[in-house]
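A.B. asks: This is the content of work.cif (mmCIF, C-alpha atoms and all ligand atoms):
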```cif
data_work
#
loop_
_atom_site.label_atom_id
_atom_site.label_comp_id
_atom_site.auth_asym_id
_atom_site.auth_seq_id
_atom_site.Cartn_x
_atom_site.Cartn_y
_atom_site.Cartn_z
CA MET L 1 -13.07 32.10 -10.36
CA SER L 2 -10.59 30.36 -8.09
CA VAL L 3 -10.95 26.85 -6.69
CA PRO L 4 -9.39 26.48 -3.23
CA PHE L 5 -7.99 23.16 -2.10
CA PHE L 6 -9.84 23.46 1.23
CA ASN L 7 -12.66 25.77 2.20
CA TYR L 8 -12.92 25.74 5.97
CA GLY L 9 -15.35 28.68 5.95
CA ALA L 10 -17.84 26.58 3.98
CA ARG L 11 -17.21 23.52 6.17
CA TYR L 12 -18.18 25.25 9.37
CA ALA L 13 -20.75 27.82 8.21
CA GLU L 14 -23.64 25.43 8.73
CA ASP L 15 -22.56 24.77 12.32
CA ARG L 16 -22.00 28.38 13.39
CA ASP L 17 -24.70 28.43 16.08
CA VAL L 18 -23.98 24.88 17.24
CA ILE L 19 -20.29 25.73 17.74
CA LYS L 20 -21.12 28.91 19.68
CA ASP L 21 -23.50 26.96 21.85
CA ILE L 22 -21.01 24.14 22.52
CA VAL L 23 -18.22 26.56 23.45
CA PHE L 24 -20.54 28.45 25.80
CA GLN L 25 -21.99 25.30 27.40
CA VAL L 26 -18.55 23.81 28.03
CA GLY L 27 -17.22 27.19 29.19
CA VAL L 28 -19.77 27.47 31.97
CA SER L 29 -19.81 23.76 32.88
CA ASP L 30 -16.58 23.37 34.89
CA ASN L 31 -16.04 20.24 32.76
CA PHE L 32 -13.47 20.93 30.09
CA ILE L 33 -11.56 17.73 29.40
CA LEU L 34 -12.34 14.00 29.29
CA LYS L 35 -15.82 14.27 30.75
CA GLU L 36 -19.34 13.34 29.61
CA GLY L 37 -18.98 14.75 26.10
CA VAL L 38 -15.87 12.64 25.47
CA ALA L 39 -17.54 9.53 26.93
CA ASP L 40 -20.60 10.09 24.70
CA PHE L 41 -18.43 10.57 21.64
CA GLU L 42 -16.48 7.38 22.40
CA GLN L 43 -19.79 5.54 22.64
CA ALA L 44 -20.90 7.03 19.30
CA ILE L 45 -17.68 5.85 17.61
CA ARG L 46 -18.11 2.37 19.09
CA ALA L 47 -21.63 2.28 17.67
CA TYR L 48 -20.54 3.62 14.27
CA THR L 49 -17.56 1.32 13.79
CA GLY L 50 -18.52 -1.74 15.84
CA ALA L 51 -15.33 -1.41 17.90
CA LYS L 52 -15.37 -2.86 21.42
CA HIS L 53 -13.15 -0.06 22.72
CA ALA L 54 -12.80 3.55 21.58
CA ILE L 55 -10.38 5.82 23.43
CA ALA L 56 -10.51 9.50 22.50
CA VAL L 57 -7.16 11.29 22.41
CA SER L 58 -5.74 14.67 21.43
CA ASN L 59 -4.92 13.80 17.76
CA GLY L 60 -4.04 10.98 15.38
CA THR L 61 -0.33 11.20 16.10
CA THR L 62 -0.81 10.79 19.84
CA ALA L 63 -3.15 7.87 19.11
CA LEU L 64 -0.27 6.13 17.32
CA SER L 65 2.14 6.91 20.20
CA VAL L 66 -0.25 5.61 22.85
CA ILE L 67 -0.89 2.35 20.98
CA LEU L 68 2.82 1.76 20.35
CA ARG L 69 3.65 2.49 24.01
CA ALA L 70 0.83 0.20 25.13
CA LEU L 71 2.34 -2.56 22.98
CA GLY L 72 5.68 -2.12 24.72
CA VAL L 73 7.44 -0.71 21.65
CA GLY L 74 10.77 0.81 22.67
CA PRO L 75 14.53 0.31 22.30
CA GLY L 76 15.47 -2.92 20.52
CA VAL L 77 12.10 -3.28 18.79
CA ASP L 78 11.61 -3.01 15.02
CA VAL L 79 8.34 -1.72 13.61
CA LEU L 80 7.57 -2.18 9.91
CA THR L 81 6.02 0.83 8.25
CA PRO L 82 5.45 2.14 4.70
CA ALA L 83 8.06 4.30 3.00
CA PHE L 84 5.22 6.43 1.60
CA SER L 85 2.97 7.95 4.26
CA PHE L 86 2.51 10.93 6.53
CA ILE L 87 5.44 11.31 8.94
CA SER L 88 3.44 10.33 12.08
CA THR L 89 3.30 6.71 10.99
CA ALA L 90 7.08 6.49 11.33
CA SER L 91 8.07 9.34 13.68
CA THR L 92 6.05 7.89 16.56
CA ILE L 93 8.11 4.67 16.30
CA ALA L 94 11.40 6.55 16.30
CA LEU L 95 10.36 8.84 19.17
CA LEU L 96 9.92 5.73 21.34
CA GLN L 97 13.55 4.83 20.52
CA ALA L 98 12.40 1.86 18.43
CA ARG L 99 13.56 1.36 14.81
CA PRO L 100 11.27 2.17 11.90
CA VAL L 101 11.89 -0.50 9.25
CA PHE L 102 10.65 1.00 6.02
CA VAL L 103 8.77 -1.16 3.54
CA ASP L 104 8.28 -0.14 -0.09
CA VAL L 105 4.77 0.29 -1.45
CA ASP L 106 2.79 -1.38 -4.20
CA PRO L 107 3.55 0.53 -7.42
CA VAL L 108 -0.13 0.74 -8.41
CA THR L 109 -1.97 1.36 -5.14
CA GLY L 110 0.87 3.14 -3.31
CA MET L 111 0.05 1.20 -0.13
CA LEU L 112 2.35 -1.13 1.85
CA ASP L 113 3.63 -3.91 -0.43
CA PRO L 114 3.04 -7.33 1.23
CA ALA L 115 5.95 -8.92 -0.69
CA ASP L 116 8.42 -6.30 0.52
CA LEU L 117 6.93 -6.56 4.03
CA GLU L 118 7.78 -10.25 4.15
CA ALA L 119 11.31 -9.51 2.92
CA LYS L 120 11.94 -6.82 5.55
CA ILE L 121 10.82 -8.72 8.67
CA THR L 122 13.65 -8.98 11.22
CA PRO L 123 13.98 -11.09 14.39
CA ASN L 124 13.15 -7.92 16.39
CA SER L 125 9.98 -7.10 14.43
CA ARG L 126 6.91 -6.96 16.65
CA VAL L 127 4.47 -4.60 14.91
CA VAL L 128 3.50 -3.67 11.36
CA ILE L 129 1.70 -0.40 10.59
CA PRO L 130 -0.11 -0.52 7.24
CA THR L 131 -1.49 2.88 6.26
CA HIS L 132 -4.56 3.77 4.22
CA LEU L 133 -4.03 7.00 2.31
CA PHE L 134 -6.27 9.35 0.30
CA SER L 135 -9.10 6.91 -0.49
CA VAL L 136 -6.98 3.84 -1.04
CA MET L 137 -6.71 0.99 1.43
CA ALA L 138 -3.78 -1.31 2.10
CA ASN L 139 -4.11 -4.99 1.20
CA MET L 140 -5.19 -5.97 4.70
CA SER L 141 -5.89 -9.64 4.02
CA ALA L 142 -2.37 -10.28 2.66
CA ILE L 143 -0.83 -8.24 5.50
CA ARG L 144 -2.90 -10.09 8.10
CA GLU L 145 -1.76 -13.45 6.75
CA ILE L 146 1.94 -12.45 6.88
CA ALA L 147 1.54 -10.84 10.32
CA ASP L 148 -0.08 -13.99 11.73
CA ARG L 149 2.74 -16.17 10.43
CA HIS L 150 5.36 -13.89 12.05
CA GLN L 151 3.36 -13.00 15.17
CA LEU L 152 3.24 -9.31 14.40
CA HIS L 153 0.63 -6.96 15.85
CA VAL L 154 -1.18 -5.14 13.02
CA LEU L 155 -1.62 -1.46 13.93
CA GLU L 156 -3.80 -0.08 11.15
CA ASP L 157 -3.09 3.59 10.47
CA SER L 158 -6.66 4.37 9.49
CA ALA L 159 -6.27 8.04 10.48
CA VAL L 160 -7.93 9.20 7.24
CA ALA L 161 -10.24 6.22 6.64
CA LEU L 162 -13.13 6.58 9.09
CA GLY L 163 -16.19 5.09 7.37
CA ALA L 164 -14.29 2.99 4.82
CA SER L 165 -14.71 -0.78 5.00
CA MET L 166 -13.55 -4.10 3.59
CA ASN L 167 -15.92 -7.10 3.48
CA GLY L 168 -18.23 -5.36 5.96
CA THR L 169 -15.52 -4.56 8.54
CA LYS L 170 -14.68 -0.93 9.11
CA ALA L 171 -11.17 0.37 8.46
CA GLY L 172 -9.51 0.59 11.86
CA LEU L 173 -10.82 -2.83 12.87
CA LEU L 174 -9.16 -4.84 10.11
CA GLY L 175 -5.99 -5.13 12.17
CA ASP L 176 -5.51 -5.52 15.93
CA SER L 177 -5.73 -1.81 16.66
CA GLY L 178 -6.52 1.31 14.67
CA LEU L 179 -7.14 5.02 14.93
CA TYR L 180 -8.88 7.99 13.34
CA SER L 181 -7.78 11.62 13.11
CA PHE L 182 -10.22 14.51 13.38
CA PHE L 183 -7.86 17.21 12.11
CA PRO L 184 -10.16 19.84 10.51
CA ALA L 185 -9.38 18.74 6.92
CA LYS L 186 -10.29 15.10 7.59
CA PRO L 187 -13.67 13.70 6.48
CA LEU L 188 -14.89 14.02 10.09
CA GLY L 189 -13.03 17.26 10.73
CA GLY L 190 -13.29 18.81 14.17
CA ILE L 191 -12.76 22.32 15.51
CA GLY L 192 -9.14 21.72 16.44
CA ASP L 193 -7.07 18.58 16.80
CA GLY L 194 -8.62 15.28 17.82
CA GLY L 195 -8.13 11.54 17.45
CA ILE L 196 -9.46 8.22 18.67
CA ILE L 197 -8.04 4.73 19.16
CA VAL L 198 -10.16 1.68 18.34
CA THR L 199 -9.55 -1.96 19.21
CA ASN L 200 -11.40 -5.14 20.13
CA ASP L 201 -8.57 -6.18 22.47
CA ASP L 202 -9.66 -5.64 26.11
CA GLU L 203 -6.18 -5.53 27.61
CA LEU L 204 -4.80 -3.20 24.96
CA GLY L 205 -7.86 -0.95 25.20
CA GLN L 206 -7.50 -0.65 28.96
CA ARG L 207 -3.80 0.12 28.72
CA CYS L 208 -4.36 2.80 26.06
CA ARG L 209 -7.08 4.36 28.24
CA MET L 210 -4.63 4.67 31.12
CA LEU L 211 -1.70 5.86 29.02
CA ARG L 212 -3.64 8.77 27.50
CA ASN L 213 -4.12 10.24 30.99
CA HIS L 214 -0.90 9.85 32.98
CA GLY L 215 -1.35 6.14 33.64
CA GLN L 216 -4.47 6.63 35.80
CA ASP L 217 -7.31 4.10 35.76
CA GLY L 218 -10.16 6.65 35.77
CA ILE L 219 -11.26 5.47 39.22
CA THR L 220 -8.58 6.54 41.68
CA ARG L 221 -7.22 9.97 40.92
CA PHE L 222 -3.44 10.48 41.34
CA LEU L 223 -2.76 6.75 41.39
CA HIS L 224 -0.45 6.17 38.42
CA HIS L 225 -0.19 2.57 37.22
CA HIS L 226 2.08 3.51 34.31
CA LEU L 227 4.12 6.46 33.14
CA GLY L 228 1.58 7.95 30.76
CA TYR L 229 0.91 11.05 28.74
CA ASN L 230 -1.46 13.98 28.70
CA HIS L 231 -3.01 13.02 25.34
CA ARG L 232 -6.61 13.76 26.38
CA MET L 233 -9.46 15.07 24.25
CA ASP L 234 -11.20 18.37 25.08
CA GLU L 235 -14.95 18.45 25.69
CA VAL L 236 -15.52 21.15 23.06
CA VAL L 237 -13.85 18.99 20.40
CA ALA L 238 -15.78 15.86 21.45
CA ARG L 239 -19.18 17.54 21.53
CA TYR L 240 -18.73 19.08 18.12
CA LEU L 241 -17.52 15.78 16.62
CA GLN L 242 -20.52 14.01 18.10
CA HIS L 243 -22.79 16.57 16.47
CA LYS L 244 -21.04 16.23 13.11
CA LEU L 245 -21.08 12.43 13.21
CA LEU L 246 -24.87 12.63 12.79
CA ARG L 247 -24.42 13.78 9.19
CA PHE L 248 -21.14 12.00 8.49
CA ASP L 249 -22.69 9.49 6.08
CA GLN L 250 -24.11 12.35 3.99
CA LEU L 251 -20.73 14.10 4.01
CA ILE L 252 -18.83 11.06 2.77
CA GLU L 253 -21.53 10.35 0.20
CA ARG L 254 -21.04 13.83 -1.29
CA ARG L 255 -17.28 13.21 -1.36
CA ALA L 256 -17.90 9.94 -3.19
CA GLN L 257 -20.13 11.73 -5.74
CA ILE L 258 -17.37 14.21 -6.56
CA ALA L 259 -14.81 11.41 -6.82
CA ALA L 260 -17.14 9.48 -9.15
CA ARG L 261 -17.31 12.52 -11.45
CA TYR L 262 -13.51 12.80 -11.46
CA ASN L 263 -13.14 9.05 -12.09
CA GLU L 264 -15.54 9.15 -15.01
CA ALA L 265 -13.96 12.22 -16.56
CA PHE L 266 -10.39 10.92 -16.26
CA ALA L 267 -11.04 7.28 -17.20
CA SER L 268 -9.97 7.83 -20.82
CA LEU L 269 -6.80 9.75 -19.95
CA ALA L 270 -4.58 6.77 -19.08
CA PRO L 271 -1.64 6.44 -19.31
CA ASP L 272 -1.22 10.23 -18.98
CA ILE L 273 -3.39 10.28 -15.84
CA ARG L 274 -3.90 7.25 -13.61
CA VAL L 275 -6.16 6.78 -10.62
CA VAL L 276 -6.53 3.78 -8.33
CA THR L 277 -9.85 2.07 -9.03
CA ASP L 278 -9.33 -1.03 -6.87
CA ASP L 279 -12.83 -2.04 -5.73
CA HIS L 280 -11.97 -4.64 -3.09
CA TYR L 281 -13.33 -2.23 -0.48
CA ASP L 282 -15.81 0.57 0.15
CA ARG L 283 -13.71 3.68 0.12
CA VAL L 284 -14.00 7.04 1.79
CA TYR L 285 -12.51 9.92 -0.14
CA TYR L 286 -10.30 11.93 2.15
CA THR L 287 -8.49 13.39 -0.86
CA TYR L 288 -8.52 12.62 -4.57
CA VAL L 289 -5.01 11.76 -5.69
CA LEU L 290 -4.07 11.05 -9.29
CA GLN L 291 -0.76 9.99 -10.78
CA SER L 292 0.73 11.88 -13.69
CA GLU L 293 4.13 11.56 -15.34
CA ARG L 294 3.84 15.32 -15.96
CA ARG L 295 2.74 16.14 -12.44
CA ASP L 296 4.64 19.41 -12.00
CA GLU L 297 3.50 20.70 -15.38
CA LEU L 298 -0.11 19.74 -14.60
CA GLN L 299 0.08 21.43 -11.20
CA GLN L 300 1.32 24.67 -12.80
CA PHE L 301 -1.36 24.46 -15.49
CA LEU L 302 -4.08 24.14 -12.83
CA GLN L 303 -2.51 26.86 -10.69
CA ALA L 304 -2.60 29.27 -13.66
CA ARG L 305 -6.37 28.64 -13.80
CA GLY L 306 -6.80 29.38 -10.09
CA ILE L 307 -7.09 25.72 -9.06
CA GLU L 308 -5.16 24.84 -5.92
CA THR L 309 -3.66 21.37 -5.58
CA GLN L 310 -1.39 19.66 -3.07
CA ILE L 311 1.42 17.14 -3.31
CA TYR L 312 0.99 14.24 -0.91
CA TYR L 313 3.90 13.54 -0.32
CA PRO L 314 6.90 15.21 -1.94
CA LEU L 315 9.57 13.01 -0.31
CA ALA L 316 9.61 9.33 0.66
CA LEU L 317 9.87 8.98 4.44
CA PRO L 318 13.25 7.16 4.49
CA LEU L 319 14.77 10.07 2.53
CA GLN L 320 13.50 12.75 4.94
CA PRO L 321 16.36 14.56 6.72
CA ALA L 322 14.82 13.48 10.03
CA PHE L 323 15.54 9.85 9.13
CA ALA L 324 19.04 10.44 7.72
CA TYR L 325 20.45 8.51 10.72
CA LEU L 326 18.98 5.31 9.26
CA GLY L 327 21.32 5.63 6.27
CA HIS L 328 18.83 5.13 3.41
CA LYS L 329 19.67 6.48 -0.03
CA GLU L 330 17.86 7.37 -3.24
CA GLY L 331 16.78 4.26 -5.11
CA ASP L 332 16.24 2.13 -1.96
CA PHE L 333 12.43 2.49 -2.21
CA PRO L 334 11.77 2.81 -5.95
CA HIS L 335 7.95 2.64 -5.85
CA ALA L 336 7.57 5.10 -2.98
CA GLU L 337 10.05 7.46 -4.64
CA ALA L 338 8.22 7.27 -7.98
CA LEU L 339 4.95 8.21 -6.26
CA THR L 340 6.51 11.31 -4.72
CA LYS L 341 7.19 12.51 -8.27
CA ARG L 342 3.77 11.63 -9.74
CA SER L 343 1.09 12.22 -7.10
CA LEU L 344 -1.17 15.21 -7.24
CA ALA L 345 -4.19 15.84 -5.00
CA LEU L 346 -7.16 17.68 -6.47
CA PRO L 347 -9.68 19.67 -4.40
CA LEU L 348 -12.41 17.42 -2.97
CA TYR L 349 -14.53 18.17 0.07
CA ALA L 350 -18.21 17.72 0.86
CA GLU L 351 -19.02 21.45 0.57
CA MET L 352 -17.34 21.81 -2.86
CA PRO L 353 -19.85 23.28 -5.34
CA ASP L 354 -20.50 21.48 -8.62
CA GLU L 355 -19.16 24.47 -10.62
CA HIS L 356 -15.78 24.01 -8.95
CA VAL L 357 -15.79 20.30 -9.76
CA ASP L 358 -16.57 21.24 -13.40
CA LEU L 359 -13.67 23.69 -13.49
CA VAL L 360 -11.20 21.11 -12.16
CA ILE L 361 -12.37 18.50 -14.68
CA GLU L 362 -12.23 20.93 -17.60
CA ALA L 363 -8.72 22.03 -16.66
CA VAL L 364 -7.35 18.47 -16.26
CA LEU L 365 -8.90 17.48 -19.61
CA ALA L 366 -7.53 20.63 -21.27
CA HIS L 367 -4.04 19.83 -20.02
CA SER L 368 -4.24 16.25 -21.25
CA HIS L 369 -5.43 17.36 -24.70
CA GLN L 370 -2.63 19.90 -24.88
CA VAL L 371 -0.15 17.13 -23.97
CA ALA L 372 -1.70 14.84 -26.62
CA VAL L 373 -1.29 17.53 -29.29
CA HIS L 374 2.36 18.08 -28.41
CA VAL L 375 3.47 14.43 -28.35
C1 LIG H 401 -1.93 8.56 7.50
C2 LIG H 401 -1.91 9.49 8.66
N1 LIG H 401 -1.57 9.03 9.87
C3 LIG H 401 -1.56 9.82 10.95
C4 LIG H 401 -1.89 11.15 10.86
C5 LIG H 401 -1.81 12.02 12.08
O1 LIG H 401 -3.02 12.61 12.46
P1 LIG H 401 -3.03 14.01 13.24
O2 LIG H 401 -2.79 15.09 12.26
O3 LIG H 401 -4.41 14.07 13.83
O4 LIG H 401 -1.98 13.94 14.29
C6 LIG H 401 -2.25 11.69 9.62
C7 LIG H 401 -2.60 13.11 9.49
O5 LIG H 401 -2.74 13.67 8.43
C8 LIG H 401 -2.26 10.84 8.48
O6 LIG H 401 -2.55 11.31 7.27
#
```
Just dump the structure as structure tokens.

C.D. replies:
Amino acid sequence: MSVPFFNYGARYAEDRDVIKDIVFQVGVSDNFILKEGVADFEQAIRAYTGAKHAIAVSNGTTALSVILRALGVGPGVDVLTPAFSFISTASTIALLQARPVFVDVDPVTGMLDPADLEAKITPNSRVVIPTHLFSVMANMSAIREIADRHQLHVLEDSAVALGASMNGTKAGLLGDSGLYSFFPAKPLGGIGDGGIIVTNDDELGQRCRMLRNHGQDGITRFLHHHLGYNHRMDEVVARYLQHKLLRFDQLIERRAQIAARYNEAFASLAPDIRVVTDDHYDRVYYTYVLQSERRDELQQFLQARGIETQIYYPLALPLQPAFAYLGHKEGDFPHAEALTKRSLALPLYAEMPDEHVDLVIEAVLAHSHQVAVHV
């Protein structure tokens, strides 16, 4: 039996008729983009998260671009961002001709390190982008305190953290602005790309709303207040997401159950296998990532048993060829670099059958026992 890392067929099987219906209804409606379905979905996200403003866009990356543009980020501005994240967190800064200032991560959680953040702030720093990854959240209270002292806007990259919360506040609303991605693999995965911006800031919300649609105000067509983008959401995507949001809590609960089984099974394997068990927040499991000093060996061992895994992420962002112009070198971000050598993501999705969870657990335990025998 093989255990796939994702199983999109299983994810969408239940919604087969709903999807057909949505595509047909939108197809014959003359309303394809940024219409009632998008407005309803924005309202649903406001209700779910408590955000004052929710602005649906084409994906998580464009959400980041729109927010940064709305904040006036451009040439001469420095934006602080983790050295360990998905590329969007940093590429969107660079594409606006601003400078990504990379911050190392906490060696245990892998999220932006507040101490290094403080050390890296420059006179041109205006924004910090802490990222939540996998199921782990950045230390938002420490980051908030530093940001307030240095008058930085906190743009929370909560692309993968819809539903997670800290002290009763949803991820995405712990900073000054946030976003969620609806890429099909995400906990609220759509049928295609999708994203949404959330904020409680009226002025920022209004600016983002205009920038996603060519700088128009939604009232007077072809009057362009700003140079904006076409980063709009399609009706088909919005209507499906709205439908799926109805069972989102069940979906993330199932993810949490699988993660709890992994946590329990691997608890005794430290220091060979480590997982982050920080309980300062209510987490949502986008992926289950463990740390292993023998990561490559473990990955091959699982592969030989038909279990697919992924490495998030194999290279620290400052060392990516795309950022070579910034002149960083190996050793500049020791914690981020260490994580790129140790992290391994195991299969975890709401539709994953228990037998597959059993197989993954058995294989990880078997590898650890084999390692124990040989050392
Ligand atoms: C942390 C993080 N930020 C931003 C994004 C970008 O989202 P999208 O793929 O919808 O553009 C991703 C996507 O995986 C992500 O993991």

A.B. asks: Quick one: everything within 6 Å of region 169-183 of chain L, counting all atoms listed in the file, minus sequence neighbours fewer than 4 positions away in the same chain. Send it as a list in words.

C.D. replies: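 Selected residues are Thr49, Asn59, Gly60, Val154, Leu155, Glu156, Asp157, Ser158, Ala159, Ala164, Ser165, Leu188, Gly189, Gly190, Asp193, Gly194, Gly195, Ile196, Ile197, Val198 and Thr199 of chain L.
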
A.B. asks: Give me, as JSON lines, each residue of region 235-283 of chain L that comes within 10 Å of region 325-347 of chain L, together with its shortest interatomic pair and the distance in Å at one decimal, counting all atoms listed in the file, with rows ordered by chain and rising residue number.

C.D. replies:
```
{"residue": "L:Ile258", "atom": "CA", "partner": "L:Pro347", "partner_atom": "CA", "distance": 9.7}
{"residue": "L:Ala259", "atom": "CA", "partner": "L:Leu346", "partner_atom": "CA", "distance": 9.9}
{"residue": "L:Tyr262", "atom": "CA", "partner": "L:Leu346", "partner_atom": "CA", "distance": 9.4}
{"residue": "L:Ile273", "atom": "CA", "partner": "L:Arg342", "partner_atom": "CA", "distance": 9.5}
{"residue": "L:Arg274", "atom": "CA", "partner": "L:Ser343", "partner_atom": "CA", "distance": 9.6}
{"residue": "L:Val275", "atom": "CA", "partner": "L:Ser343", "partner_atom": "CA", "distance": 9.7}
```

A.B. asks: Please provide the set of residues having any atom within 9 Å of Val103 (chain L), restricted to all atoms listed in the file, with same-chain residues fewer than 2 positions apart removed, written as a list in words.

C.D. replies: Leu80, Thr81, Pro82, Ala83, Phe84, Val101, Val105, Leu112, Asp113, Pro114, Asp116, Leu117, Ala119, Lys120 and Phe333 of chain L

A.B. asks: Could you work out how far CA of Leu246 (chain L) lies from CA of Ile55 (chain L), giving the answer in Å with one decimal?

C.D. replies: 19.2 Å

A.B. asks: From the options L:Gly37, L:Gly76, L:Pro271, L:Gly27, which residue's atoms come nearest to Met233 (chain L), counting only C-alpha atoms?

C.D. replies: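 Answer, going by the shortest atom-to-atom distance: L:Gly37.
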